[in-house]
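Asks: You'll find coords_38.txt just under this line, and it carries compact mmCIF, C-alpha atoms.
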# COMPACT_ATOMS: atom_id res chain seq x y z
CA SER A 25 67.95 100.72 125.37
CA VAL A 26 66.86 103.69 123.30
CA LEU A 27 69.39 105.93 125.03
CA SER A 28 72.18 103.41 124.51
CA ARG A 29 71.25 103.06 120.84
CA TYR A 30 71.48 106.79 120.27
CA GLU A 31 73.98 107.64 122.98
CA ASN A 32 75.36 111.14 123.02
CA GLN A 33 72.58 112.33 120.70
CA ILE A 34 70.13 113.85 123.17
CA THR A 35 71.27 117.43 122.55
CA ILE A 36 68.71 119.26 120.43
CA LEU A 37 69.59 121.59 117.59
CA SER A 38 68.90 124.76 119.56
CA ASP A 39 71.84 123.91 121.82
CA TYR A 40 74.16 124.64 118.92
CA LEU A 41 73.59 128.34 119.47
CA GLU A 42 75.51 128.35 122.74
CA GLU A 43 78.55 126.86 121.05
CA PHE A 44 79.13 129.59 118.44
CA PRO A 45 80.55 132.94 119.55
CA GLU A 46 78.86 136.19 118.68
CA THR A 47 80.77 137.30 115.60
CA ASP A 48 80.32 138.94 112.23
CA GLU A 49 82.79 136.53 110.65
CA PRO A 50 81.26 134.10 108.14
CA VAL A 51 81.17 130.36 108.75
CA TRP A 52 82.17 128.19 105.79
CA ILE A 53 80.80 124.65 105.51
CA LEU A 54 81.85 122.59 102.46
CA GLY A 55 81.73 125.46 100.00
CA ARG A 56 78.73 127.24 101.51
CA GLN A 57 78.93 130.52 103.43
CA HIS A 58 76.73 131.13 106.48
CA HIS A 59 76.32 134.16 108.71
CA LEU A 60 75.63 133.57 112.38
CA ASN A 61 73.79 136.87 112.71
CA THR A 62 71.20 136.15 110.02
CA ASP A 63 70.96 132.42 109.20
CA LYS A 64 71.97 130.30 112.17
CA SER A 65 69.17 127.85 111.46
CA LYS A 66 70.44 127.21 107.92
CA LEU A 67 73.93 126.66 109.28
CA LEU A 68 72.67 124.11 111.81
CA LEU A 69 70.64 122.26 109.21
CA ASP A 70 73.64 122.19 106.89
CA ILE A 71 75.85 120.64 109.56
CA SER A 72 73.29 118.07 110.73
CA ALA A 73 72.59 117.00 107.12
CA ARG A 74 76.09 115.54 106.72
CA LEU A 75 76.23 111.78 107.14
CA TRP A 76 77.97 111.03 110.44
CA PHE A 77 79.77 107.71 110.84
CA THR A 78 81.06 106.72 114.25
CA TYR A 79 82.49 103.72 116.04
CA ARG A 80 79.99 100.84 116.10
CA ARG A 81 79.70 97.69 118.17
CA LYS A 82 77.95 94.34 117.81
CA PHE A 83 78.48 93.97 114.06
CA SER A 84 79.51 90.62 112.57
CA PRO A 85 83.20 89.87 113.26
CA ILE A 86 85.49 91.17 110.53
CA GLY A 87 86.83 88.24 108.54
CA GLY A 88 84.65 85.88 110.58
CA THR A 89 86.92 85.81 113.62
CA GLY A 90 88.11 89.42 113.88
CA PRO A 91 86.80 92.36 115.93
CA SER A 92 83.07 93.06 116.19
CA SER A 93 83.67 96.71 117.11
CA ASP A 94 86.02 99.35 115.71
CA THR A 95 86.22 101.38 118.92
CA GLY A 96 89.75 102.66 119.41
CA TRP A 97 91.07 101.98 115.91
CA GLY A 98 88.47 102.79 113.25
CA CYS A 99 88.20 106.59 113.53
CA MET A 100 90.10 107.41 110.33
CA LEU A 101 88.13 104.77 108.42
CA ARG A 102 84.92 106.40 109.66
CA CYS A 103 86.20 109.80 108.57
CA GLY A 104 86.98 108.37 105.14
CA GLN A 105 83.43 107.03 105.00
CA MET A 106 82.08 110.49 105.83
CA MET A 107 84.08 112.18 103.07
CA LEU A 108 83.03 109.56 100.52
CA ALA A 109 79.38 109.74 101.67
CA GLN A 110 79.42 113.49 101.10
CA ALA A 111 80.63 112.87 97.55
CA LEU A 112 77.78 110.41 96.97
CA ILE A 113 75.24 112.85 98.39
CA CYS A 114 76.51 115.51 95.98
CA ARG A 115 76.45 113.02 93.13
CA HIS A 116 72.88 111.76 93.60
CA LEU A 117 71.05 114.40 95.67
CA GLY A 118 73.06 117.60 95.20
CA ARG A 119 75.07 119.72 97.64
CA ASP A 120 71.98 121.63 98.80
CA TRP A 121 70.03 118.55 99.85
CA GLN A 122 68.94 118.76 103.48
CA TRP A 123 68.07 116.10 106.01
CA GLU A 124 65.23 116.52 108.48
CA LYS A 125 64.39 114.08 111.23
CA HIS A 126 61.23 112.01 110.59
CA LYS A 127 61.00 113.32 107.02
CA LYS A 128 60.76 110.73 104.26
CA GLN A 129 63.94 110.68 102.19
CA PRO A 130 64.44 109.64 98.56
CA GLU A 131 65.45 106.10 97.68
CA GLU A 132 68.90 107.26 96.59
CA TYR A 133 69.56 108.47 100.14
CA HIS A 134 68.82 105.06 101.67
CA ARG A 135 70.80 103.38 98.93
CA ILE A 136 73.80 105.56 99.80
CA LEU A 137 73.44 104.67 103.49
CA ARG A 138 73.33 100.97 102.65
CA CYS A 139 76.75 101.29 101.03
CA PHE A 140 78.24 102.00 104.48
CA LEU A 141 76.41 99.60 106.79
CA ASP A 142 78.69 97.45 108.95
CA ARG A 143 78.27 94.27 106.91
CA LYS A 144 80.85 92.46 104.80
CA ASP A 145 78.58 92.60 101.73
CA CYS A 146 78.30 96.42 101.75
CA CYS A 147 80.81 98.01 99.42
CA TYR A 148 82.20 100.67 101.82
CA SER A 149 81.62 98.90 105.14
CA ILE A 150 84.16 98.84 107.95
CA HIS A 151 84.69 95.19 106.96
CA GLN A 152 85.65 96.02 103.39
CA MET A 153 87.82 98.98 104.35
CA ALA A 154 89.70 97.09 107.06
CA GLN A 155 90.30 94.12 104.77
CA MET A 156 91.39 96.29 101.85
CA GLY A 157 93.80 98.03 104.22
CA VAL A 158 95.72 94.77 104.53
CA GLY A 159 96.96 95.39 100.99
CA GLU A 160 98.22 98.79 102.17
CA GLY A 161 100.24 97.20 104.97
CA LYS A 162 97.70 97.74 107.73
CA SER A 163 96.58 94.84 109.90
CA ILE A 164 92.90 94.63 110.80
CA GLY A 165 92.49 96.69 113.95
CA GLU A 166 95.47 98.94 113.17
CA TRP A 167 95.05 102.70 112.93
CA PHE A 168 95.03 104.24 109.44
CA GLY A 169 96.50 107.55 108.29
CA PRO A 170 94.84 109.91 105.78
CA ASN A 171 96.80 108.61 102.78
CA THR A 172 96.08 104.97 103.61
CA VAL A 173 92.34 105.51 103.84
CA ALA A 174 92.46 107.40 100.52
CA GLN A 175 94.18 104.44 98.84
CA VAL A 176 91.60 102.06 100.30
CA LEU A 177 88.69 104.15 98.98
CA LYS A 178 90.36 104.28 95.57
CA LYS A 179 90.53 100.47 95.43
CA LEU A 180 87.02 99.83 96.76
CA ALA A 181 85.50 102.30 94.28
CA LEU A 182 86.59 100.00 91.46
CA PHE A 183 83.99 97.47 92.67
CA ASP A 184 81.20 100.07 92.91
CA GLU A 185 79.41 100.26 89.59
CA TRP A 186 76.30 102.09 90.85
CA ASN A 187 78.09 105.21 92.06
CA SER A 188 80.70 104.89 89.29
CA LEU A 189 83.28 107.27 90.74
CA ALA A 190 86.73 107.97 89.37
CA VAL A 191 88.93 108.25 92.46
CA TYR A 192 92.20 110.10 91.99
CA VAL A 193 94.69 110.21 94.86
CA SER A 194 97.51 112.66 94.17
CA MET A 195 101.18 111.67 94.42
CA ASP A 196 104.04 113.80 95.70
CA ASN A 197 101.76 116.78 96.42
CA THR A 198 101.02 117.03 92.69
CA VAL A 199 97.68 116.97 90.86
CA VAL A 200 98.04 116.16 87.15
CA ILE A 201 95.20 117.56 85.01
CA GLU A 202 96.03 115.34 82.03
CA ASP A 203 95.83 112.15 84.12
CA ILE A 204 92.53 113.11 85.73
CA LYS A 205 90.88 113.85 82.39
CA LYS A 206 92.22 110.62 80.96
CA MET A 207 90.78 108.69 83.91
CA CYS A 208 87.39 110.43 83.96
CA TRP A 209 86.89 110.00 80.21
CA SER A 210 88.33 106.48 80.14
CA PRO A 211 85.87 103.86 78.78
CA ALA A 212 86.97 101.44 81.50
CA GLN A 213 83.55 99.89 82.11
CA SER A 214 83.15 96.84 79.91
CA SER A 215 80.10 94.65 79.77
CA SER A 216 81.97 91.89 81.60
CA ILE A 217 82.86 94.25 84.45
CA ALA A 218 79.29 95.47 84.63
CA HIS A 219 78.01 91.90 84.69
CA SER A 220 80.24 90.79 87.58
CA SER A 221 79.69 93.95 89.59
CA ALA A 222 75.91 93.71 89.21
CA HIS A 223 76.00 90.72 91.56
CA LEU A 224 77.97 92.79 94.07
CA HIS A 225 75.39 95.55 94.14
CA ARG A 226 72.40 93.27 94.36
CA ASN A 227 73.95 92.00 97.59
CA ALA A 228 75.69 95.11 98.87
CA LEU A 229 72.89 97.55 98.12
CA GLY A 230 69.88 95.28 98.24
CA GLN A 231 68.81 96.50 94.82
CA ASN A 232 68.40 94.94 91.38
CA LYS A 233 68.40 98.06 89.27
CA ASN A 234 70.47 98.99 86.26
CA THR A 235 73.69 100.67 87.31
CA ALA A 236 74.08 104.38 86.71
CA GLY A 237 77.75 104.22 85.76
CA LEU A 238 77.50 102.71 82.26
CA CYS A 239 76.55 105.91 80.42
CA PRO A 240 79.30 107.37 78.24
CA GLY A 241 80.74 110.68 79.32
CA TRP A 242 82.57 112.21 82.24
CA LYS A 243 82.89 109.90 85.22
CA PRO A 244 82.24 111.85 88.47
CA LEU A 245 85.54 112.61 90.16
CA LEU A 246 86.49 112.12 93.79
CA LEU A 247 89.82 113.92 94.15
CA ILE A 248 91.85 113.30 97.31
CA ILE A 249 95.07 115.18 97.99
CA PRO A 250 97.16 113.77 100.87
CA LEU A 251 99.48 116.44 102.25
CA ARG A 252 102.08 117.04 104.91
CA LEU A 253 101.78 120.69 105.97
CA GLY A 254 104.78 120.78 108.27
CA ILE A 255 107.11 118.51 110.22
CA ASN A 256 105.79 118.21 113.77
CA HIS A 257 103.26 121.05 113.61
CA ILE A 258 101.35 122.72 110.80
CA ASN A 259 103.37 125.48 109.15
CA PRO A 260 101.44 128.79 109.51
CA VAL A 261 102.25 129.67 105.90
CA TYR A 262 99.71 127.06 104.76
CA ILE A 263 96.76 128.21 106.89
CA ASP A 264 95.16 130.68 104.47
CA ALA A 265 95.39 128.24 101.55
CA PHE A 266 93.99 125.42 103.70
CA LYS A 267 91.00 127.57 104.65
CA GLU A 268 90.43 128.56 101.01
CA CYS A 269 89.84 124.90 100.16
CA PHE A 270 86.71 124.85 102.36
CA LYS A 271 85.32 127.80 100.37
CA MET A 272 85.44 125.98 97.04
CA PRO A 273 82.04 124.67 95.85
CA GLN A 274 83.72 121.33 95.12
CA SER A 275 84.90 120.95 98.74
CA LEU A 276 84.49 117.65 100.57
CA GLY A 277 86.44 118.92 103.57
CA ALA A 278 89.53 117.26 104.95
CA LEU A 279 90.68 114.17 106.83
CA GLY A 280 93.08 114.71 109.69
CA GLY A 281 93.17 115.49 113.38
CA LYS A 282 95.78 114.63 115.95
CA PRO A 283 98.04 111.56 116.24
CA ASN A 284 95.80 108.46 116.42
CA ASN A 285 92.75 110.72 116.74
CA ALA A 286 91.00 111.36 113.42
CA TYR A 287 88.32 113.95 112.62
CA TYR A 288 86.35 114.89 109.52
CA PHE A 289 86.79 118.63 109.00
CA ILE A 290 83.87 120.26 107.19
CA GLY A 291 84.52 123.98 107.57
CA PHE A 292 85.92 126.82 109.61
CA LEU A 293 85.11 129.95 111.57
CA GLY A 294 88.00 132.39 111.86
CA ASN A 295 91.05 130.32 112.81
CA GLU A 296 89.01 127.42 114.16
CA LEU A 297 88.13 124.31 112.19
CA ILE A 298 84.65 122.76 112.47
CA TYR A 299 84.59 118.97 112.43
CA LEU A 300 82.49 115.85 112.89
CA ASP A 301 83.89 113.52 115.53
CA PRO A 302 83.64 109.73 115.04
CA HIS A 303 84.65 108.94 118.64
CA THR A 304 81.21 107.85 119.84
CA THR A 305 80.37 104.15 120.02
CA GLN A 306 76.89 103.23 118.82
CA SER A 307 75.24 99.90 118.16
CA PHE A 308 75.17 98.30 114.73
CA VAL A 309 72.22 99.35 112.56
CA ASP A 310 71.00 97.20 109.68
CA SER A 311 68.57 98.00 106.89
CA GLU A 312 64.87 97.25 107.23
CA GLU A 313 63.04 94.68 105.11
CA ASN A 314 61.83 97.43 102.77
CA GLY A 315 65.40 98.65 102.21
CA THR A 316 65.19 101.79 104.34
CA VAL A 317 67.63 102.52 107.14
CA ASP A 318 66.77 103.90 110.58
CA ASP A 319 68.99 106.92 110.06
CA LYS A 320 68.76 108.94 113.28
CA SER A 321 72.13 107.68 114.48
CA PHE A 322 73.77 108.69 111.18
CA HIS A 323 73.26 112.43 111.65
CA CYS A 324 75.05 114.34 114.40
CA GLN A 325 72.62 116.46 116.38
CA GLN A 326 75.13 117.54 118.99
CA ALA A 327 76.92 120.84 119.15
CA PRO A 328 79.61 120.89 116.44
CA HIS A 329 83.18 120.53 117.60
CA ARG A 330 85.83 123.15 116.89
CA MET A 331 89.59 123.22 117.23
CA LYS A 332 92.28 125.79 116.48
CA ILE A 333 93.94 125.24 113.13
CA MET A 334 97.39 125.45 114.72
CA ASN A 335 96.55 122.34 116.79
CA LEU A 336 96.02 120.30 113.63
CA ASP A 337 98.43 117.46 112.91
CA PRO A 338 100.31 118.34 109.68
CA SER A 339 99.28 115.07 107.99
CA VAL A 340 95.96 115.72 106.24
CA ALA A 341 94.03 114.80 103.10
CA LEU A 342 91.88 117.29 101.21
CA GLY A 343 88.80 116.07 99.34
CA PHE A 344 86.95 117.51 96.35
CA PHE A 345 84.07 116.29 94.17
CA CYS A 346 83.59 117.24 90.52
CA LYS A 347 80.40 115.81 89.06
CA GLU A 348 80.99 117.28 85.60
CA GLU A 349 84.10 118.25 83.68
CA CYS A 350 83.18 121.91 84.04
CA ASP A 351 83.29 121.48 87.84
CA PHE A 352 86.85 120.21 87.56
CA ASP A 353 87.85 123.02 85.20
CA ASN A 354 86.39 125.52 87.65
CA TRP A 355 88.29 123.87 90.51
CA CYS A 356 91.55 124.17 88.54
CA SER A 357 90.88 127.88 88.01
CA LEU A 358 90.19 128.41 91.71
CA VAL A 359 93.37 126.58 92.67
CA GLN A 360 95.42 128.74 90.30
CA LYS A 361 93.84 131.91 91.68
CA GLU A 362 93.57 131.16 95.40
CA ILE A 363 96.20 128.50 96.16
CA LEU A 364 99.10 128.81 93.75
CA LYS A 365 99.47 132.46 92.80
CA GLN A 366 99.41 133.88 96.31
CA GLN A 367 101.93 131.61 97.97
CA SER A 368 105.69 131.36 97.89
CA LEU A 369 105.52 127.95 99.62
CA ARG A 370 102.75 126.06 97.85
CA MET A 371 100.48 123.62 99.61
CA PHE A 372 100.40 121.42 96.50
CA GLU A 373 101.13 121.67 92.78
CA LEU A 374 98.68 121.61 89.87
CA VAL A 375 100.31 120.71 86.55
CA GLN A 376 98.86 120.24 83.07
CA LYS A 377 101.03 117.39 81.78
CA HIS A 378 102.11 114.10 83.30
CA PRO A 379 105.68 114.53 84.63
CA PRO A 380 108.07 112.77 82.20
CA HIS A 381 110.13 111.20 85.01
CA TRP A 382 107.04 109.50 86.49
CA PRO A 383 105.89 106.03 85.44
CA PRO A 384 103.19 106.16 82.74
CA PHE A 385 99.70 106.83 84.06
CA ILE A 386 97.27 103.96 83.55
CA PRO A 387 93.68 104.54 84.73
CA PRO A 388 92.87 101.92 87.37
CA THR A 389 90.39 99.21 86.45
CA LYS A 390 88.58 96.64 88.47
CA PRO A 391 90.60 93.41 88.93
CA GLU A 392 89.32 90.54 86.84
CA VAL A 393 87.60 88.76 89.71
CA THR A 394 84.11 87.38 89.23
CA THR A 395 82.53 87.66 92.65
CA THR A 396 79.48 88.58 94.61
CA GLY A 397 79.64 91.26 97.26
CA ALA A 398 79.63 88.68 100.05
CA GLU A 399 82.72 87.08 98.50
CA LEU A 400 84.60 90.32 97.90
CA ILE A 401 86.71 89.99 101.04
CA GLU A 402 87.77 86.46 100.12
CA SER A 403 88.62 87.60 96.59
CA THR A 404 90.79 90.46 97.84
CA ASP A 405 92.62 87.97 100.05
CA LYS A 406 93.49 86.04 96.89
CA LEU A 407 94.60 89.24 95.18
CA PHE A 408 96.97 90.02 98.04
CA GLU A 409 98.37 86.48 97.85
CA LEU A 410 99.02 86.93 94.13
CA GLU A 411 100.70 90.29 94.77
CA GLU A 412 102.99 88.71 97.35
CA GLU A 413 103.89 85.85 94.99
CA PHE A 414 104.67 88.36 92.24
CA GLU A 415 106.92 90.36 94.56
CA ILE A 416 108.82 87.20 95.54
CA LEU A 417 109.27 86.22 91.90
CA SER A 418 110.45 89.74 91.05
CA VAL A 419 113.11 89.55 93.75
Would you encode the structure as structure tokens?
Replies:
Amino acid sequence: SVLSRYENQITILSDYLEEFPETDEPVWILGRQHHLNTDKSKLLLDISARLWFTYRRKFSPIGGTGPSSDTGWGCMLRCGQMMLAQALICRHLGRDWQWEKHKKQPEEYHRILRCFLDRKDCCYSIHQMAQMGVGEGKSIGEWFGPNTVAQVLKKLALFDEWNSLAVYVSMDNTVVIEDIKKMCWSPAQSSSIAHSSAHLHRNALGQNKNTAGLCPGWKPLLLIIPLRLGINHINPVYIDAFKECFKMPQSLGALGGKPNNAYYFIGFLGNELIYLDPHTTQSFVDSEENGTVDDKSFHCQQAPHRMKIMNLDPSVALGFFCKEECDFDNWCSLVQKEILKQQSLRMFELVQKHPPHWPPFIPPTKPEVTTTGAELIESTDKLFELEEEFEILSV
């Protein structure tokens, strides 16, 4: 039973060494540079510290009568969870936080993990993501693409007062600085929103603490940029710029993979991408009575996977996290220097002002639904019904 609970996790860290070639080239992992010749151990710890979400089985049926496993369809949702979890780690624990097996971890770490447990009352669970995907035109059990999972995370973040993230998903390959600053400085949190969402987090996170998102100031930014880097295959002109994104200190990696086969890319070595693979089915894990989570199955201790960049499907989504405004300003400078000025065919655009031909930008706010976390799915059902009625009336 122990082996089945932690299947595919019996490889120890030292086995990583056989997987990396002997090379002087640096390895980049989410904005950090490692050298195989001098600090392999730091590289391995850095990789194993990332939260690893995989297929799970034996969780409560989604929607009460839906699937109790996401094997075969939930890989992109799991990758989205991994990117978001990395943002939350950076937000609460810092990019240089490390995980060690059997070592006691801070409360914030377990609270982050509880956000992603496979229960309908956890704010970023497979249940919530699958149900929210219905509003994006995806049936429960249907495979998501990178842009769809980004839109789902953007909507779910509105219900998450503790982490209090501003989620910006770019449109038409364009990042608008003015819109992001308007959103991150927007005083969107009212006392009524805080009151209703407090019930959600007492259920979803098992805590009854004051939320951290009510302080005035810059709202931490999760920036997701969905891209199409070619038609059927990735265009080689984008490769250098794509790799540069993993070097940025704000990097959260990328969502992508192959058709119907999603991976969470966290770095690169030469022309090979390094990724975490969600295609392992493990049993559902719940939190303990004291609020901690048995976390061994949430950290990949296998040899890291690699694939050639040219084998990447052209549909991807880049992720970045900017805790402070200065982090975002620095990211903009890096993009101008490394992405935009050295390319004739740009991977994406960064503009200062909102394009005049676009609809006005209105920072998203939480829908006016008074609900507990356990009722969030039912409330989103009602929202979708209202949207459909509105569309019919508009026609």
Asks: So that I can see what lies close to Asn171 (chain A), please list as a PyMOL selection string the residues with an atom at most 8 Å from it, counting all atoms listed in the file and leaving out residues fewer than 5 positions away in the same chain.
Replies: chain A and resi 250+340-341
Asks: Mind giving me the straight-line distance from CA of Ile150 (chain A) to CA of Val176 (chain A) in Å, one decimal?
Replies: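 These two atoms are separated by 11.1 Å.
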Asks: Taking only C-alpha atoms into account, name the residue in A:Asn295, A:Ser72, A:Ser339, A:Gln152 that is nearest to Asn197 (chain A).
Replies: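 Closest to Asn197 (chain A), using only C-alpha atoms: A:Ser339.
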Asks: May I have the residues within 7 Å of region 54-60 of chain A as an mmCIF file with C-alpha atoms, keeping the file's coordinate frame, using all atoms listed in the file and disregarding those fewer than 5 positions away in the same chain?
Replies:
data_model
loop_
_atom_site.group_PDB
_atom_site.id
_atom_site.type_symbol
_atom_site.label_atom_id
_atom_site.label_comp_id
_atom_site.auth_asym_id
_atom_site.auth_seq_id
_atom_site.Cartn_x
_atom_site.Cartn_y
_atom_site.Cartn_z
ATOM 1 C CA LEU A 67 73.930 126.660 109.280
ATOM 2 C CA PHE A 270 86.710 124.850 102.360
ATOM 3 C CA LYS A 271 85.320 127.800 100.370
ATOM 4 C CA MET A 272 85.440 125.980 97.040
ATOM 5 C CA PRO A 273 82.040 124.670 95.850
ATOM 6 C CA GLN A 274 83.720 121.330 95.120
ATOM 7 C CA SER A 275 84.900 120.950 98.740
ATOM 8 C CA LEU A 276 84.490 117.650 100.570
ATOM 9 C CA GLY A 277 86.440 118.920 103.570
ATOM 10 C CA ILE A 290 83.870 120.260 107.190
ATOM 11 C CA GLY A 291 84.520 123.980 107.570
#
Asks: Report, in Å with one decimal, the straight-line distance from CA of Ile86 (chain A) to CA of Ile164 (chain A).
Replies: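 Rounded to one decimal, the two atoms are 8.2 Å apart.
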Asks: Distance cut-off 8 Å, centre (76.6, 96.8, 112.8) in file coordinates, counting all atoms listed in the file: which residues qualify? Return them as a ChimeraX atom specification.
Replies: /A:80-84,141-143,307-310
Asks: Which residue out of A:Ala265, A:Ser321, A:Lys332, A:Ser357 has the minimum interatomic distance to Ile298 (chain A) when all atoms listed in the file are used?
Replies: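 Checking each candidate against Ile298 (chain A), we get A:Lys332 as the closest.
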Asks: Got a sec to check which residues sit within 10 Å of (79.7, 111.1, 102.5), counting all atoms listed in the file, and write them as a ChimeraX atom specification?
Replies: /A:74-77,103-114,136-137,140,276
Asks: Which residue gives the smallest distance to Val173 (chain A) among A:Arg102, A:Lys125, A:His257, A:Lys144, with all atoms listed in the file counted?
Replies: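 Using all atoms listed in the file, the shortest distance to Val173 (chain A) belongs to A:Arg102.
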Asks: Enter the distance from CA of Ser92 (chain A) to CA of Ala174 (chain A), in Å, rounded to one decimal.
Replies: 23.2 Å
Asks: Looking at only C-alpha atoms, which of A:Gln122, A:Arg115, A:Gly98, A:Ser194 is the one that sits closest to His151 (chain A)?
Replies: A:Gly98
Asks: A:Glu313, A:Leu245, A:Leu279, A:Ile53: which is nearest Asp203 (chain A), counting only C-alpha atoms?
Replies: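 Residue with the minimum atom-to-atom distance to Asp203 (chain A): A:Leu245.
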Asks: May I ask which of the residues A:Asp196, A:Ser65, A:Leu246, A:Ser188 is the closest one to Cys346 (chain A), counting all atoms listed in the file?
Replies: A:Leu246
Asks: I want to know what sits within 10 Å of Gln376 (chain A), based on all atoms listed in the file, with residues of the same chain fewer than 2 positions away left out; could you give that as number ranges by chain?
Replies: A: 199-204, 356, 374, 378-379
